[in-house]
Amino acid sequence: MATNRTFTMLKPDSIENGNIGNILQMITDAGFSIKAMKYTQLTESQAKEFYAVHAERPFYAELVEYMTSGPIIAAILEKDNAVVDFRTLIGATDPSEAEEGTIRSKYAESKGRNAVHGSDSDENAAIEGNFHFTGAEIF
Ligand code: DAT
Ligand code: MG
């Protein structure tokens with residue numbers, strides 16, 4: 001995946017709370033185009049693998065349970081400076097620390113139920129995008 005791409009998930013709270021449309025609007029209004037997208041539910045083994053980097057953290061079990069608790073939307077997004085600009089658009093992990101106007105400030109409930117995922121590097125964006133999509137699913 002090119003360095004102008006990032007990977008996102010709209011987490012189960014975004015779907016439960018009816019925020020998908022508003023969040024996708026914020027993403028496209030910010031200049032991201034959608035290269036791939038699917039509505040799906042992670043299995044326990046997929047969630048464990050996706051978040052393996054956090055396996056030693058105290059919140060890992062809670063994170064895996066939460067991320068498998070309902071459907072998500074997974075997407076690959078494209079824009080210049082995609083990884084950094086998307087992290088700016090989503091705001092801090094903890095919504096109480098997220099800048100006003102960011103997706104997490106508007107829609108996240110808590111540190112765990114925080115509305116969206118955004119890749120933290122070009123390398124992880126490529127790994128995460130390829131985890132969810134085959135080449136034929138990326139446009
Ligand atoms: P981010 O999603 O901002 O990249 P992260 O990579 O540090 O944050 O953590 C991944 C996810 O794990 C995060 O989106 C929500 C969950 N998480 C992180 N810290 C947590 C905490 N202290 N308590 C509960 N869940 C947490
Ligand atoms: Mg992260």
# chains A, B, ... in the order shown; residues from 1 in each chain; ligands from 1

$ select_by_dssp --residues "chain A" --states "strand (DSSP E)" --output "MDAnalysis selection string"
chainID A and resid 5:10 33:40 72:78 116:118

$ residues_near_ligand --ligand "ligand 1" --cutoff "9 Å" --atoms "only C-alpha atoms and all ligand atoms" --output "list in words"
Tyr51, Val53, His54, Arg57, Pro58, Phe59, Tyr60, Glu62, Leu63, Val64, Arg87, Ile90, Gly91, Ala92, Thr93, Asp94, Ser110, Lys111, Gly112, Arg113, Asn114, Ala115, Val116, His117, Gly118, Ser119 and Asp120 of chain A

$ write_last_selection --atoms "C-alpha atoms" --output "mmCIF file, in the first residue's frame"
data_model
loop_
_atom_site.group_PDB
_atom_site.id
_atom_site.type_symbol
_atom_site.label_atom_id
_atom_site.label_comp_id
_atom_site.auth_asym_id
_atom_site.auth_seq_id
_atom_site.Cartn_x
_atom_site.Cartn_y
_atom_site.Cartn_z
ATOM 1 C CA TYR A 51 -4.226 -5.904 18.199
ATOM 2 C CA VAL A 53 0.956 -5.318 19.572
ATOM 3 C CA HIS A 54 -1.157 -4.602 22.689
ATOM 4 C CA ARG A 57 -1.381 -4.303 27.979
ATOM 5 C CA PRO A 58 -3.941 -4.586 30.814
ATOM 6 C CA PHE A 59 -6.810 -3.588 28.498
ATOM 7 C CA TYR A 60 -6.084 -6.223 25.795
ATOM 8 C CA GLU A 62 -11.375 -5.904 27.113
ATOM 9 C CA LEU A 63 -10.279 -4.512 23.733
ATOM 10 C CA VAL A 64 -10.650 -7.871 21.965
ATOM 11 C CA ARG A 87 -4.766 10.829 13.297
ATOM 12 C CA ILE A 90 -9.752 11.435 14.833
ATOM 13 C CA GLY A 91 -8.131 13.063 17.885
ATOM 14 C CA ALA A 92 -6.625 11.546 21.037
ATOM 15 C CA THR A 93 -7.389 7.977 22.186
ATOM 16 C CA ASP A 94 -9.209 9.311 25.257
ATOM 17 C CA SER A 110 -14.664 6.468 26.392
ATOM 18 C CA LYS A 111 -11.044 5.379 25.925
ATOM 19 C CA GLY A 112 -12.229 1.907 24.938
ATOM 20 C CA ARG A 113 -15.414 2.773 23.041
ATOM 21 C CA ASN A 114 -13.674 5.471 21.055
ATOM 22 C CA ALA A 115 -15.539 5.402 17.716
ATOM 23 C CA VAL A 116 -12.687 4.890 15.250
ATOM 24 C CA HIS A 117 -9.318 3.272 14.634
ATOM 25 C CA GLY A 118 -6.577 5.003 12.662
ATOM 26 C CA SER A 119 -3.223 3.501 11.678
ATOM 27 C CA ASP A 120 -0.218 5.005 13.479
#

$ residues_around --residues "A:Ile27" --least-positions-apart "3" --cutoff "10 Å" --atoms "only C-alpha atoms" --output "PDB file with C-alpha atoms, in the first residue's frame"
ATOM      1  CA  GLY A  21     -23.095   8.441   8.201  1.00  0.00           C
ATOM      2  CA  ASN A  22     -21.814  11.455  10.131  1.00  0.00           C
ATOM      3  CA  ILE A  23     -18.348   9.961  10.597  1.00  0.00           C
ATOM      4  CA  LEU A  24     -17.990   8.971   6.930  1.00  0.00           C
ATOM      5  CA  ALA A  30     -11.555  16.177   5.163  1.00  0.00           C
ATOM      6  CA  GLY A  31     -10.412  15.117   1.705  1.00  0.00           C
ATOM      7  CA  PHE A  32      -9.982  11.364   2.109  1.00  0.00           C
ATOM      8  CA  SER A  33     -11.180   9.115  -0.675  1.00  0.00           C
ATOM      9  CA  ILE A  34     -12.333   5.572  -0.024  1.00  0.00           C
ATOM     10  CA  LEU A  77      -8.464   5.782   2.832  1.00  0.00           C
ATOM     11  CA  PHE A  86      -6.210  11.024   9.770  1.00  0.00           C
ATOM     12  CA  LEU A  89      -8.943  14.177  12.286  1.00  0.00           C
ATOM     13  CA  ILE A  90      -9.752  11.435  14.833  1.00  0.00           C
ATOM     14  CA  ILE A 103     -14.247  12.531  15.411  1.00  0.00           C
TER      15      ILE A 103
END

$ atom_distance --atom1 "atom CA of A:Tyr66" --atom2 "atom CA of A:Ser14"
12.3 Å

$ closest_residue --among "A:Ile72, A:Met26, A:Tyr39, A:Ala47" --to "A:Thr102" --atoms "only C-alpha atoms"
A:Met26

$ closest_residue --among "A:Gly18, A:Ala61, A:Ala74, A:Ala52" --to "ligand 2" --atoms "only C-alpha atoms and all ligand atoms"
A:Ala52

$ atom_distance --atom1 "atom CA of A:Phe131" --atom2 "atom CA of A:Lys48"
12.4 Å

$ closest_residue --among "A:Ile127, A:Ile76, A:Ile138, A:Ala108" --to "A:Glu49" --atoms "only C-alpha atoms"
A:Ile127

$ residues_around --residues "A:Glu128" --least-positions-apart "4" --cutoff "8 Å" --atoms "only C-alpha atoms" --output "JSON, numbers by chain"
{"A": [7, 50, 119, 124, 132]}

$ closest_residue --among "A:Met37, A:Val83, A:Pro95, A:Ala136" --to "A:Glu123" --atoms "only C-alpha atoms"
A:Val83

$ closest_residue --among "A:Thr88, A:Ser121, A:Asn81, A:Gln41" --to "ligand 2" --atoms "only C-alpha atoms and all ligand atoms"
A:Ser121

$ closest_residue --among "A:Met67, A:Ala36, A:Ala82, A:Ile73" --to "A:Leu10" --atoms "only C-alpha atoms"
A:Ile73

$ select_by_dssp --residues "stretch 5-125 of chain A" --states "helix (DSSP H, G or I)" --output "NGL selection string"
:A and (12-16 or 20-29 or 44-50 or 52-54 or 60-67 or 82-90 or 95-97 or 103-107 or 122-125)

$ atom_distance --atom1 "atom CA of A:Gln25" --atom2 "atom CA of A:Thr134"
25.0 Å

$ decode --residues "stretch 77-110 of chain A" --atoms "N, CA and C atoms" --output "PDB file, in the first residue's frame"
ATOM      1  N   LEU A  77      -8.233   4.385   3.224  1.00  0.00           N
ATOM      2  CA  LEU A  77      -8.464   5.782   2.832  1.00  0.00           C
ATOM      3  C   LEU A  77      -7.230   6.347   2.159  1.00  0.00           C
ATOM      4  N   GLU A  78      -7.438   7.234   1.205  1.00  0.00           N
ATOM      5  CA  GLU A  78      -6.316   7.834   0.491  1.00  0.00           C
ATOM      6  C   GLU A  78      -6.372   9.358   0.535  1.00  0.00           C
ATOM      7  N   LYS A  79      -5.219   9.949   0.758  1.00  0.00           N
ATOM      8  CA  LYS A  79      -5.061  11.418   0.806  1.00  0.00           C
ATOM      9  C   LYS A  79      -3.568  11.682   0.956  1.00  0.00           C
ATOM     10  N   ASP A  80      -3.092  12.833   0.530  1.00  0.00           N
ATOM     11  CA  ASP A  80      -1.707  13.191   0.857  1.00  0.00           C
ATOM     12  C   ASP A  80      -1.544  13.169   2.371  1.00  0.00           C
ATOM     13  N   ASN A  81      -0.421  12.645   2.842  1.00  0.00           N
ATOM     14  CA  ASN A  81      -0.136  12.663   4.292  1.00  0.00           C
ATOM     15  C   ASN A  81      -1.234  11.947   5.092  1.00  0.00           C
ATOM     16  N   ALA A  82      -1.731  10.836   4.536  1.00  0.00           N
ATOM     17  CA  ALA A  82      -2.940  10.197   5.068  1.00  0.00           C
ATOM     18  C   ALA A  82      -2.844   9.790   6.538  1.00  0.00           C
ATOM     19  N   VAL A  83      -1.745   9.142   6.923  1.00  0.00           N
ATOM     20  CA  VAL A  83      -1.668   8.615   8.294  1.00  0.00           C
ATOM     21  C   VAL A  83      -1.731   9.749   9.309  1.00  0.00           C
ATOM     22  N   VAL A  84      -0.895  10.754   9.112  1.00  0.00           N
ATOM     23  CA  VAL A  84      -0.817  11.854  10.081  1.00  0.00           C
ATOM     24  C   VAL A  84      -2.102  12.681  10.059  1.00  0.00           C
ATOM     25  N   ASP A  85      -2.603  12.989   8.876  1.00  0.00           N
ATOM     26  CA  ASP A  85      -3.816  13.812   8.797  1.00  0.00           C
ATOM     27  C   ASP A  85      -5.028  13.069   9.370  1.00  0.00           C
ATOM     28  N   PHE A  86      -5.067  11.759   9.211  1.00  0.00           N
ATOM     29  CA  PHE A  86      -6.210  11.024   9.770  1.00  0.00           C
ATOM     30  C   PHE A  86      -6.124  10.964  11.290  1.00  0.00           C
ATOM     31  N   ARG A  87      -4.913  10.801  11.841  1.00  0.00           N
ATOM     32  CA  ARG A  87      -4.766  10.829  13.297  1.00  0.00           C
ATOM     33  C   ARG A  87      -5.199  12.205  13.841  1.00  0.00           C
ATOM     34  N   THR A  88      -4.903  13.251  13.102  1.00  0.00           N
ATOM     35  CA  THR A  88      -5.355  14.592  13.523  1.00  0.00           C
ATOM     36  C   THR A  88      -6.877  14.672  13.481  1.00  0.00           C
ATOM     37  N   LEU A  89      -7.483  14.123  12.430  1.00  0.00           N
ATOM     38  CA  LEU A  89      -8.943  14.177  12.286  1.00  0.00           C
ATOM     39  C   LEU A  89      -9.648  13.381  13.389  1.00  0.00           C
ATOM     40  N   ILE A  90      -9.053  12.259  13.822  1.00  0.00           N
ATOM     41  CA  ILE A  90      -9.752  11.435  14.833  1.00  0.00           C
ATOM     42  C   ILE A  90      -9.525  11.948  16.250  1.00  0.00           C
ATOM     43  N   GLY A  91      -8.391  12.544  16.543  1.00  0.00           N
ATOM     44  CA  GLY A  91      -8.131  13.063  17.885  1.00  0.00           C
ATOM     45  C   GLY A  91      -7.562  12.001  18.822  1.00  0.00           C
ATOM     46  N   ALA A  92      -7.302  12.404  20.058  1.00  0.00           N
ATOM     47  CA  ALA A  92      -6.625  11.546  21.037  1.00  0.00           C
ATOM     48  C   ALA A  92      -7.455  10.303  21.377  1.00  0.00           C
ATOM     49  N   THR A  93      -6.754   9.254  21.810  1.00  0.00           N
ATOM     50  CA  THR A  93      -7.389   7.977  22.186  1.00  0.00           C
ATOM     51  C   THR A  93      -8.510   8.192  23.198  1.00  0.00           C
ATOM     52  N   ASP A  94      -8.224   9.006  24.210  1.00  0.00           N
ATOM     53  CA  ASP A  94      -9.209   9.311  25.257  1.00  0.00           C
ATOM     54  C   ASP A  94     -10.032  10.527  24.807  1.00  0.00           C
ATOM     55  N   PRO A  95     -11.345  10.354  24.586  1.00  0.00           N
ATOM     56  CA  PRO A  95     -12.128  11.482  24.044  1.00  0.00           C
ATOM     57  C   PRO A  95     -12.108  12.726  24.927  1.00  0.00           C
ATOM     58  N   SER A  96     -11.845  12.551  26.222  1.00  0.00           N
ATOM     59  CA  SER A  96     -11.791  13.737  27.083  1.00  0.00           C
ATOM     60  C   SER A  96     -10.544  14.570  26.788  1.00  0.00           C
ATOM     61  N   GLU A  97      -9.573  13.962  26.088  1.00  0.00           N
ATOM     62  CA  GLU A  97      -8.348  14.685  25.707  1.00  0.00           C
ATOM     63  C   GLU A  97      -8.341  15.046  24.224  1.00  0.00           C
ATOM     64  N   ALA A  98      -9.365  14.622  23.484  1.00  0.00           N
ATOM     65  CA  ALA A  98      -9.393  14.863  22.032  1.00  0.00           C
ATOM     66  C   ALA A  98      -9.754  16.316  21.745  1.00  0.00           C
ATOM     67  N   GLU A  99      -9.058  16.910  20.780  1.00  0.00           N
ATOM     68  CA  GLU A  99      -9.335  18.290  20.354  1.00  0.00           C
ATOM     69  C   GLU A  99     -10.787  18.434  19.929  1.00  0.00           C
ATOM     70  N   GLU A 100     -11.357  19.591  20.230  1.00  0.00           N
ATOM     71  CA  GLU A 100     -12.724  19.874  19.813  1.00  0.00           C
ATOM     72  C   GLU A 100     -12.844  19.770  18.289  1.00  0.00           C
ATOM     73  N   GLY A 101     -13.940  19.195  17.822  1.00  0.00           N
ATOM     74  CA  GLY A 101     -14.146  19.072  16.379  1.00  0.00           C
ATOM     75  C   GLY A 101     -13.600  17.795  15.782  1.00  0.00           C
ATOM     76  N   THR A 102     -12.822  17.031  16.566  1.00  0.00           N
ATOM     77  CA  THR A 102     -12.321  15.751  16.054  1.00  0.00           C
ATOM     78  C   THR A 102     -13.420  14.686  16.157  1.00  0.00           C
ATOM     79  N   ILE A 103     -13.241  13.596  15.413  1.00  0.00           N
ATOM     80  CA  ILE A 103     -14.247  12.531  15.411  1.00  0.00           C
ATOM     81  C   ILE A 103     -14.434  11.967  16.819  1.00  0.00           C
ATOM     82  N   ARG A 104     -13.336  11.713  17.530  1.00  0.00           N
ATOM     83  CA  ARG A 104     -13.474  11.143  18.874  1.00  0.00           C
ATOM     84  C   ARG A 104     -14.081  12.144  19.848  1.00  0.00           C
ATOM     85  N   SER A 105     -13.748  13.411  19.700  1.00  0.00           N
ATOM     86  CA  SER A 105     -14.361  14.414  20.577  1.00  0.00           C
ATOM     87  C   SER A 105     -15.874  14.456  20.373  1.00  0.00           C
ATOM     88  N   LYS A 106     -16.313  14.275  19.144  1.00  0.00           N
ATOM     89  CA  LYS A 106     -17.751  14.358  18.859  1.00  0.00           C
ATOM     90  C   LYS A 106     -18.488  13.057  19.164  1.00  0.00           C
ATOM     91  N   TYR A 107     -17.851  11.916  18.874  1.00  0.00           N
ATOM     92  CA  TYR A 107     -18.616  10.667  18.866  1.00  0.00           C
ATOM     93  C   TYR A 107     -18.128   9.578  19.816  1.00  0.00           C
ATOM     94  N   ALA A 108     -16.905   9.659  20.361  1.00  0.00           N
ATOM     95  CA  ALA A 108     -16.424   8.574  21.224  1.00  0.00           C
ATOM     96  C   ALA A 108     -17.074   8.655  22.601  1.00  0.00           C
ATOM     97  N   GLU A 109     -17.272   7.490  23.224  1.00  0.00           N
ATOM     98  CA  GLU A 109     -17.872   7.430  24.564  1.00  0.00           C
ATOM     99  C   GLU A 109     -16.803   7.386  25.657  1.00  0.00           C
ATOM    100  N   SER A 110     -15.693   6.713  25.380  1.00  0.00           N
ATOM    101  CA  SER A 110     -14.664   6.468  26.392  1.00  0.00           C
ATOM    102  C   SER A 110     -13.380   6.047  25.683  1.00  0.00           C
TER     103      SER A 110
END
